[in-house]
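**Student:** Here you go, run_2.txt (compact mmCIF, C-alpha atoms):
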```
# COMPACT_ATOMS: atom_id res chain seq x y z
CA MET U 1 -34.80 76.20 33.80
CA SER U 2 -38.59 75.70 33.75
CA MET U 3 -40.09 74.30 30.55
CA LEU U 4 -43.13 75.83 28.79
CA LYS U 5 -46.19 73.81 29.68
CA CYS U 6 -49.31 73.08 27.66
CA GLU U 7 -52.34 75.12 28.79
CA MET U 8 -54.59 72.12 28.04
CA CYS U 9 -52.85 69.23 29.75
CA GLY U 10 -49.71 70.57 31.29
CA GLY U 11 -47.48 68.58 28.95
CA THR U 12 -44.16 69.87 27.66
CA LEU U 13 -44.30 72.06 24.61
CA GLU U 14 -41.86 71.59 21.74
CA ILE U 15 -41.19 74.75 19.76
CA GLU U 16 -41.51 74.53 15.99
CA ASP U 17 -38.68 75.63 13.70
CA ASN U 18 -40.32 79.01 12.95
CA GLY U 19 -40.25 79.85 16.74
CA ALA U 20 -43.85 81.18 16.64
CA PHE U 21 -45.70 78.02 17.63
CA ALA U 22 -45.20 75.03 19.88
CA VAL U 23 -46.77 71.57 19.96
CA CYS U 24 -47.57 69.59 23.08
CA ALA U 25 -45.55 66.43 23.15
CA TYR U 26 -48.36 64.74 25.08
CA CYS U 27 -51.71 65.82 23.68
CA GLY U 28 -50.54 67.35 20.42
CA THR U 29 -52.18 70.73 21.01
CA ARG U 30 -50.62 73.45 18.87
CA GLN U 31 -50.55 76.98 20.35
CA ALA U 32 -48.90 80.31 19.64
CA LEU U 33 -45.87 81.32 21.63
CA PRO U 34 -45.72 84.73 23.38
CA GLU U 35 -43.90 87.59 21.67
CA SER U 36 -40.21 88.04 22.29
CA GLY U 37 -39.68 89.56 25.75
CA ASP U 38 -43.09 88.41 27.03
CA SER U 39 -43.17 85.95 29.86
CA THR U 40 -45.28 82.87 30.38
CA PRO U 41 -47.10 82.37 33.64
CA GLU U 42 -44.16 80.22 34.79
CA GLY U 43 -41.84 83.17 34.20
CA VAL U 44 -40.00 81.59 31.18
CA THR U 45 -39.41 83.87 28.22
CA ALA U 46 -40.01 82.71 24.68
CA ASP U 47 -36.38 83.45 23.75
CA ALA U 48 -35.14 81.25 26.52
CA LEU U 49 -37.43 78.47 25.39
CA ARG U 50 -36.23 78.80 21.80
CA ILE U 51 -32.58 78.68 22.88
CA GLU U 52 -33.24 75.68 25.07
CA ASN U 53 -35.15 73.97 22.31
CA GLU U 54 -32.31 74.64 19.82
CA LYS U 55 -29.77 73.20 22.24
CA ARG U 56 -31.91 70.15 22.74
CA LYS U 57 -32.32 69.65 18.99
CA THR U 58 -28.61 70.18 18.44
CA ALA U 59 -27.85 67.58 21.13
CA GLU U 60 -30.34 65.18 19.60
CA ALA U 61 -28.86 65.75 16.12
CA ARG U 62 -25.36 65.09 17.44
CA ALA U 63 -26.58 62.02 19.26
CA GLN U 64 -28.26 60.75 16.06
CA ALA U 65 -25.17 61.54 14.01
CA GLU U 66 -23.00 59.64 16.48
CA LYS U 67 -25.49 56.78 16.41
CA ASN U 68 -25.37 56.76 12.63
CA ARG U 69 -21.57 56.90 12.65
CA LEU U 70 -21.38 54.02 15.13
CA LYS U 71 -23.84 52.04 13.02
CA ALA U 72 -21.86 52.73 9.85
CA GLU U 73 -18.65 51.76 11.61
CA GLU U 74 -20.28 48.59 12.87
CA GLN U 75 -21.45 47.80 9.33
CA ARG U 76 -17.97 48.49 7.93
CA LEU U 77 -16.36 46.24 10.53
CA GLU U 78 -18.95 43.54 9.83
CA ALA U 79 -18.27 43.83 6.08
CA GLU U 80 -14.54 43.55 6.70
CA ARG U 81 -15.13 40.59 9.00
CA MET U 82 -17.28 38.86 6.35
CA ALA U 83 -14.75 39.67 3.62
CA GLU U 84 -11.98 38.17 5.74
CA LYS U 85 -14.13 35.16 6.50
CA ASN U 86 -14.89 34.72 2.79
CA ARG U 87 -11.21 35.10 1.94
CA ILE U 88 -10.21 32.48 4.47
CA GLU U 89 -12.96 30.16 3.25
CA LYS U 90 -11.91 30.72 -0.36
CA GLU U 91 -8.28 29.96 0.49
CA ARG U 92 -9.36 26.88 2.39
CA LYS U 93 -11.39 25.62 -0.55
CA ALA U 94 -8.54 26.44 -2.94
CA GLN U 95 -6.10 24.51 -0.77
CA GLU U 96 -8.58 21.67 -0.51
CA LYS U 97 -9.07 21.66 -4.29
CA LYS U 98 -5.32 21.80 -4.82
CA GLY U 99 -4.88 18.91 -2.42
CA LYS U 100 -7.53 16.87 -4.23
CA LEU U 101 -5.94 17.73 -7.58
CA LEU U 102 -2.50 16.69 -6.36
CA LYS U 103 -3.95 13.51 -4.95
CA THR U 104 -5.74 12.77 -8.21
CA LEU U 105 -2.58 13.56 -10.18
CA LEU U 106 -0.56 11.28 -7.93
CA ILE U 107 -3.08 8.49 -8.38
CA LEU U 108 -3.07 9.09 -12.13
CA LEU U 109 0.72 8.96 -12.25
CA VAL U 110 0.70 5.75 -10.28
CA VAL U 111 -1.92 4.27 -12.61
CA ILE U 112 0.03 5.41 -15.68
CA GLY U 113 3.23 4.06 -14.21
CA LEU U 114 1.62 0.73 -13.45
CA GLY U 115 0.04 0.72 -16.90
CA ALA U 116 3.34 1.47 -18.57
CA LEU U 117 5.04 -1.17 -16.46
CA THR U 118 2.33 -3.64 -17.42
CA ILE U 119 2.53 -2.80 -21.12
CA THR U 120 6.32 -2.53 -21.43
CA VAL U 121 7.48 -5.17 -18.97
CA ILE U 122 4.88 -7.46 -17.46
CA ILE U 123 2.85 -8.35 -20.57
CA PRO U 124 5.94 -8.61 -22.84
CA SER U 125 7.60 -10.85 -20.24
CA ILE U 126 4.58 -13.14 -20.20
CA ARG U 127 4.45 -13.24 -24.02
CA TYR U 128 8.21 -13.77 -24.27
CA ASN U 129 8.05 -16.71 -21.86
CA ASN U 130 5.09 -18.16 -23.76
CA ALA U 131 7.10 -17.90 -27.00
CA VAL U 132 9.97 -19.78 -25.39
CA LYS U 133 7.51 -22.50 -24.35
CA ASP U 134 6.13 -22.57 -27.91
CA VAL U 135 9.64 -23.22 -29.24
CA GLU U 136 10.08 -26.04 -26.75
CA ALA U 137 6.72 -27.45 -27.87
CA SER U 138 7.72 -27.12 -31.56
CA ASN U 139 5.04 -24.46 -32.15
CA TYR U 140 7.53 -22.52 -34.23
CA GLU U 141 5.14 -20.30 -36.17
CA GLU U 142 3.39 -19.07 -33.02
CA ALA U 143 6.74 -18.47 -31.36
CA TYR U 144 8.08 -16.57 -34.37
CA VAL U 145 5.05 -14.28 -34.63
CA THR U 146 5.32 -13.50 -30.92
CA PHE U 147 9.06 -12.81 -30.94
CA LYS U 148 8.73 -10.62 -34.01
CA SER U 149 5.91 -8.56 -32.45
CA LEU U 150 7.91 -7.89 -29.26
CA TYR U 151 10.31 -5.59 -31.15
CA THR U 152 13.10 -4.42 -28.79
CA PHE U 153 12.04 -6.41 -25.75
CA LYS U 154 15.04 -8.41 -24.53
CA ASP U 155 16.52 -10.37 -27.45
CA SER U 156 13.19 -10.93 -29.22
CA GLN U 157 14.45 -9.95 -32.69
CA GLU U 158 17.53 -12.17 -32.36
CA GLN U 159 15.25 -15.02 -31.29
CA ALA U 160 12.99 -14.39 -34.31
CA LYS U 161 15.99 -14.30 -36.67
CA GLU U 162 17.41 -17.57 -35.33
CA LEU U 163 13.98 -19.18 -35.46
CA ILE U 164 13.35 -18.19 -39.09
CA LYS U 165 16.82 -19.42 -40.03
CA ALA U 166 16.13 -22.80 -38.49
CA HIS U 167 12.51 -22.96 -39.62
CA PRO U 168 11.98 -20.74 -42.70
CA GLU U 169 8.51 -22.23 -43.17
CA VAL U 170 7.24 -19.84 -40.45
CA ALA U 171 7.98 -16.77 -42.59
CA GLN U 172 5.17 -14.44 -43.61
CA ILE U 173 4.87 -12.09 -46.57
CA GLY U 174 7.47 -9.33 -46.26
CA ASP U 175 9.79 -11.36 -44.04
CA ILE U 176 13.42 -12.14 -44.84
CA ILE U 177 14.51 -15.76 -44.97
CA TYR U 178 18.01 -17.22 -45.31
CA PHE U 179 18.46 -19.90 -47.95
CA GLY U 180 21.46 -20.93 -50.01
CA ASN U 181 24.88 -19.29 -50.19
CA TYR U 182 26.60 -17.03 -52.71
CA GLU U 183 29.68 -14.86 -52.75
CA GLN U 184 28.61 -11.38 -51.63
CA ASP U 185 31.28 -9.52 -49.67
CA ASN U 186 33.84 -10.14 -52.46
CA ARG U 187 36.24 -11.79 -50.04
CA THR U 188 36.47 -15.35 -51.27
CA ALA U 189 38.83 -16.36 -48.48
CA ASN U 190 35.99 -16.35 -45.92
CA GLY U 191 33.65 -18.43 -48.06
CA LYS U 192 30.21 -17.66 -49.42
CA GLU U 193 27.57 -15.74 -47.46
CA GLU U 194 23.97 -16.72 -46.77
CA ILE U 195 21.51 -15.37 -49.33
CA GLU U 196 18.69 -13.26 -47.95
CA TRP U 197 15.31 -13.59 -49.69
CA ARG U 198 12.22 -11.44 -49.31
CA VAL U 199 8.93 -13.35 -49.19
CA LEU U 200 6.56 -11.94 -51.83
CA GLU U 201 3.75 -14.46 -51.61
CA LYS U 202 2.79 -17.50 -49.53
CA ASP U 203 -0.08 -19.79 -50.46
CA ALA U 204 -2.22 -22.07 -48.31
CA ASP U 205 0.13 -25.02 -48.93
CA GLY U 206 3.16 -23.11 -47.68
CA ASN U 207 4.69 -22.47 -51.12
CA MET U 208 6.61 -19.18 -51.07
CA LEU U 209 7.55 -16.84 -53.90
CA VAL U 210 10.80 -15.13 -52.94
CA VAL U 211 13.20 -12.65 -54.55
CA SER U 212 16.74 -11.92 -53.44
CA ARG U 213 16.96 -8.96 -51.06
CA TYR U 214 20.09 -7.68 -52.82
CA ALA U 215 21.29 -7.81 -56.41
CA LEU U 216 23.65 -10.79 -56.31
CA ASP U 217 25.50 -10.55 -59.60
CA CYS U 218 25.97 -8.55 -62.80
CA ARG U 219 25.07 -10.30 -66.05
CA ARG U 220 23.86 -9.48 -69.55
CA TYR U 221 20.30 -10.48 -70.44
CA HIS U 222 21.72 -12.07 -73.59
CA ASP U 223 25.33 -12.33 -74.64
CA SER U 224 24.86 -11.09 -78.19
CA VAL U 225 22.83 -8.46 -80.00
CA GLY U 226 19.64 -9.86 -81.49
CA GLN U 227 15.97 -10.53 -80.95
CA VAL U 228 15.40 -12.79 -77.97
CA THR U 229 12.67 -13.72 -75.48
CA TRP U 230 13.05 -14.95 -71.91
CA GLU U 231 12.74 -18.53 -73.16
CA LYS U 232 15.91 -18.28 -75.25
CA CYS U 233 18.01 -15.73 -73.34
CA ASP U 234 21.39 -16.56 -71.83
CA LEU U 235 20.46 -15.13 -68.42
CA ARG U 236 17.71 -17.77 -68.00
CA LYS U 237 20.23 -20.50 -68.79
CA TRP U 238 22.77 -19.10 -66.32
CA LEU U 239 20.20 -18.85 -63.49
CA ASN U 240 18.89 -22.40 -63.91
CA ASN U 241 22.29 -23.97 -64.33
CA GLU U 242 25.39 -22.21 -62.99
CA PHE U 243 23.68 -20.10 -60.32
CA TYR U 244 21.37 -22.95 -59.27
CA SER U 245 24.30 -25.31 -58.87
CA THR U 246 26.53 -22.78 -57.12
CA ALA U 247 24.08 -21.32 -54.63
CA PHE U 248 22.27 -24.41 -53.30
CA ASN U 249 23.27 -27.77 -51.92
CA LYS U 250 21.51 -31.05 -52.65
CA THR U 251 19.06 -30.73 -49.78
CA GLN U 252 18.19 -27.13 -50.62
CA LYS U 253 17.63 -27.92 -54.30
CA LYS U 254 14.86 -30.33 -53.33
CA LYS U 255 12.95 -27.45 -51.76
CA ILE U 256 13.01 -25.33 -54.94
CA LYS U 257 9.97 -25.94 -57.12
CA ALA U 258 10.09 -26.11 -60.91
CA THR U 259 7.32 -23.67 -61.82
CA THR U 260 5.51 -22.83 -65.02
CA ILE U 261 6.32 -19.20 -65.74
CA GLU U 262 3.90 -17.05 -67.73
CA ASN U 263 5.69 -14.75 -70.14
CA ARG U 264 3.22 -12.00 -71.01
CA ASP U 265 3.65 -9.42 -73.74
CA ASN U 266 4.88 -5.92 -72.92
CA ALA U 267 1.51 -4.14 -72.64
CA ASP U 268 2.90 -0.68 -73.42
CA TYR U 269 4.50 -1.71 -76.71
CA ASN U 270 2.69 -4.99 -77.54
CA THR U 271 6.04 -6.72 -77.68
CA PHE U 272 5.75 -10.51 -77.80
CA GLY U 273 6.69 -12.06 -74.46
CA GLY U 274 7.52 -15.49 -75.84
CA ASN U 275 6.38 -18.96 -74.79
CA ASP U 276 5.71 -19.86 -71.19
CA THR U 277 8.63 -21.64 -69.54
CA LYS U 278 9.21 -24.03 -66.69
CA ASP U 279 11.93 -22.68 -64.41
CA LYS U 280 13.40 -23.22 -60.99
CA ILE U 281 15.10 -19.82 -60.94
CA PHE U 282 13.76 -16.84 -62.88
CA LEU U 283 13.43 -13.05 -62.93
CA LEU U 284 10.30 -11.12 -62.01
CA SER U 285 8.16 -9.86 -64.86
CA ILE U 286 6.84 -6.30 -65.23
CA ASP U 287 3.45 -7.36 -63.82
CA GLU U 288 4.99 -9.28 -60.92
CA ALA U 289 7.25 -6.37 -59.99
CA LYS U 290 4.25 -4.04 -59.93
CA THR U 291 2.11 -6.50 -57.96
CA TYR U 292 4.58 -7.70 -55.34
CA LEU U 293 6.68 -4.53 -55.11
CA PRO U 294 3.96 -1.90 -55.61
CA SER U 295 5.94 1.25 -54.79
CA THR U 296 9.18 2.63 -56.15
CA VAL U 297 10.63 2.41 -52.64
CA ASP U 298 9.85 -1.32 -52.58
CA ARG U 299 11.69 -1.78 -55.88
CA VAL U 300 14.85 0.16 -55.05
CA CYS U 301 17.68 -2.34 -54.66
CA LEU U 302 21.23 -2.37 -53.32
CA ALA U 303 23.91 -4.57 -54.85
CA THR U 304 26.42 -6.74 -53.03
CA ASN U 305 30.11 -5.93 -53.13
CA TYR U 306 30.61 -8.96 -55.35
CA ALA U 307 28.00 -7.75 -57.85
CA GLU U 308 29.72 -4.38 -57.92
CA SER U 309 33.05 -6.09 -58.61
CA GLN U 310 31.43 -7.87 -61.56
CA GLY U 311 30.48 -4.57 -63.18
CA THR U 312 27.22 -3.50 -61.61
CA GLN U 313 26.82 0.24 -62.02
CA LEU U 314 25.75 1.96 -58.79
CA GLU U 315 24.10 5.34 -58.26
CA GLY U 316 26.67 7.62 -56.65
CA VAL U 317 24.86 8.69 -53.46
CA THR U 318 22.38 5.94 -52.63
CA LYS U 319 24.48 3.08 -54.09
CA THR U 320 21.34 1.63 -55.66
CA CYS U 321 21.46 -0.36 -58.91
CA ARG U 322 19.44 -1.19 -62.01
CA TRP U 323 18.13 -4.76 -62.21
CA TRP U 324 16.67 -6.87 -64.99
CA LEU U 325 13.08 -8.00 -65.42
CA ARG U 326 12.33 -10.97 -67.71
CA SER U 327 9.70 -9.08 -69.78
CA PRO U 328 10.71 -7.71 -73.21
CA GLY U 329 11.19 -4.01 -73.81
CA SER U 330 9.78 -1.97 -76.70
CA THR U 331 11.24 -4.57 -79.12
CA LEU U 332 12.70 -8.06 -78.82
CA TYR U 333 16.13 -6.42 -79.05
CA SER U 334 15.58 -5.05 -75.54
CA ALA U 335 14.44 -6.17 -72.11
CA SER U 336 12.68 -4.15 -69.41
CA TYR U 337 14.34 -3.32 -66.11
CA VAL U 338 13.98 -1.42 -62.83
CA LYS U 339 15.83 1.87 -62.60
CA ILE U 340 17.98 3.04 -59.68
CA ASP U 341 15.05 5.09 -58.32
CA GLY U 342 12.64 2.13 -58.40
CA PHE U 343 10.74 3.10 -61.54
CA ILE U 344 10.12 0.39 -64.12
CA LEU U 345 11.41 1.25 -67.58
CA GLN U 346 9.16 -0.77 -69.89
CA LEU U 347 10.90 0.76 -72.89
CA GLY U 348 13.81 -1.43 -71.85
CA THR U 349 17.47 -1.42 -72.78
CA PRO U 350 19.45 -3.54 -75.29
CA VAL U 351 19.64 -7.18 -74.18
CA SER U 352 23.44 -7.30 -74.56
CA ILE U 353 24.15 -4.24 -72.44
CA GLU U 354 26.39 -4.65 -69.42
CA LYS U 355 26.23 -3.13 -65.93
CA LEU U 356 22.70 -4.31 -65.01
CA SER U 357 22.20 -6.47 -61.94
CA VAL U 358 20.47 -9.76 -61.28
CA ARG U 359 17.86 -10.40 -58.56
CA PRO U 360 16.90 -14.08 -58.79
CA ALA U 361 13.38 -15.20 -57.86
CA MET U 362 11.94 -18.68 -57.19
CA TRP U 363 9.18 -20.71 -55.57
CA VAL U 364 10.22 -22.76 -52.52
CA LYS U 365 8.49 -25.15 -50.15
CA PHE U 366 10.07 -25.92 -46.75
```
Show me, as structure tokens, the structure contained in the file I just sent.
**Tutor:**
Amino acid sequence: MSMLKCEMCGGTLEIEDNGAFAVCAYCGTRQALPESGDSTPEGVTADALRIENEKRKTAEARAQAEKNRLKAEEQRLEAERMAEKNRIEKERKAQEKKGKLLKTLLILLVVIGLGALTITVIIPSIRYNNAVKDVEASNYEEAYVTFKSLYTFKDSQEQAKELIKAHPEVAQIGDIIYFGNYEQDNRTANGKEEIEWRVLEKDADGNMLVVSRYALDCRRYHDSVGQVTWEKCDLRKWLNNEFYSTAFNKTQKKKIKATTIENRDNADYNTFGGNDTKDKIFLLSIDEAKTYLPSTVDRVCLATNYAESQGTQLEGVTKTCRWWLRSPGSTLYSASYVKIDGFILQLGTPVSIEKLSVRPAMWVKF
């Protein structure tokens, strides 16, 4: 079918939407279309042109719609492709991060393992061997401190115990030394047992103040009712005579120092403490018990089986005992003591009362 041509330039006319006018696609001239049923010089009716123009526009619209659809589809596919790419990249990075983390963790475990091995085996082994060399070189104090600090490594504690038995001069405050012998398990057939002493003080010259770890016997402070100070009491006499002779041999006695003992008044009741004395074996005073055994837990004491057989009264559950101090009580008819729970009773108890235990103390130099 012939197309309507422009009267000015002969270009193709494009009909406007209202169907009454057309515009030249070439020169842009706008001109009125003939009435319906009229014919152009080329013999093409306006209706035919309108129909043709509508078909063309419909085809163009469909073509544009398809183009848009294809473009949208292309964009969707590209978005999916990018999303998949990002997902794969994210998974790759996650796997890479996981791999690095596992590698780091493995390295850390190896380092920790080596560190633990070094701390628990290698270093203790070196220190243990050095302590053995110190013993061979007669450096007993250095060896003892090392063995003691190694705790459960090998037989360190057994080594420390044997060393302090052979060389008690290496002991430090709080340590237990073994010195003298006294019946303790209440089985006389097997002989006397070694006495364990807790070191309370050690001066620059190596002099040690020690107190027995356990209550060794059960004795009255004084055998009769009456006013008495430490200087005159029967317990002082027993400690410095019978106990001294029984517990220590000739060589050991030379290591026990005769010491001037200060006998202070009972500060709570202003009870006269008596004259100072010079003793080899004595009891702790109120002040000394508070200074060297500062907590009630420190002062709680167990008694030996022998002490129990001699009349020591024990607390039912803990099996702890009461033990004498040398300081007077509220009057000179009484003496202070440590209760089963570790508290000091400065009020005291009658000096002739039974069932209280004895924890000897002394100064020694090895």
**Student:** When you draw a straight line from atom CA of Leu293 of chain U to atom CA of Trp238 of chain U, how long is it in Å?
**Tutor:** 24.4 Å
**Student:** Could you check the closest approach to Glu52 of chain U for each of U:Ala72, U:Cys218, U:Leu13, U:Ala116 and tell me which residue wins, using all atoms listed in the file?
**Tutor:**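 Of all the options, U:Leu13 lies closest to Glu52 of chain U.
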**Student:** Rounded to one decimal place, report the atom CA of Leu209 of chain U-atom CA of Val228 of chain U distance in Å.
**Tutor:**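 We find that atom CA of Leu209 of chain U and atom CA of Val228 of chain U lie 25.6 Å from each other.
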**Student:** Closest to Glu194 of chain U among U:Lys165, U:Thr318, U:Gln172, U:Phe243, using all atoms listed in the file?
**Tutor:**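 Looking only at the distances to Glu194 of chain U, the closest residue turns out to be U:Lys165.
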**Student:** If I take atom CA of Val351 of chain U and atom CA of Arg220 of chain U, how far is one from the other in Å, to one decimal?
**Tutor:**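 Rounded to one decimal, the two atoms are 6.7 Å apart.
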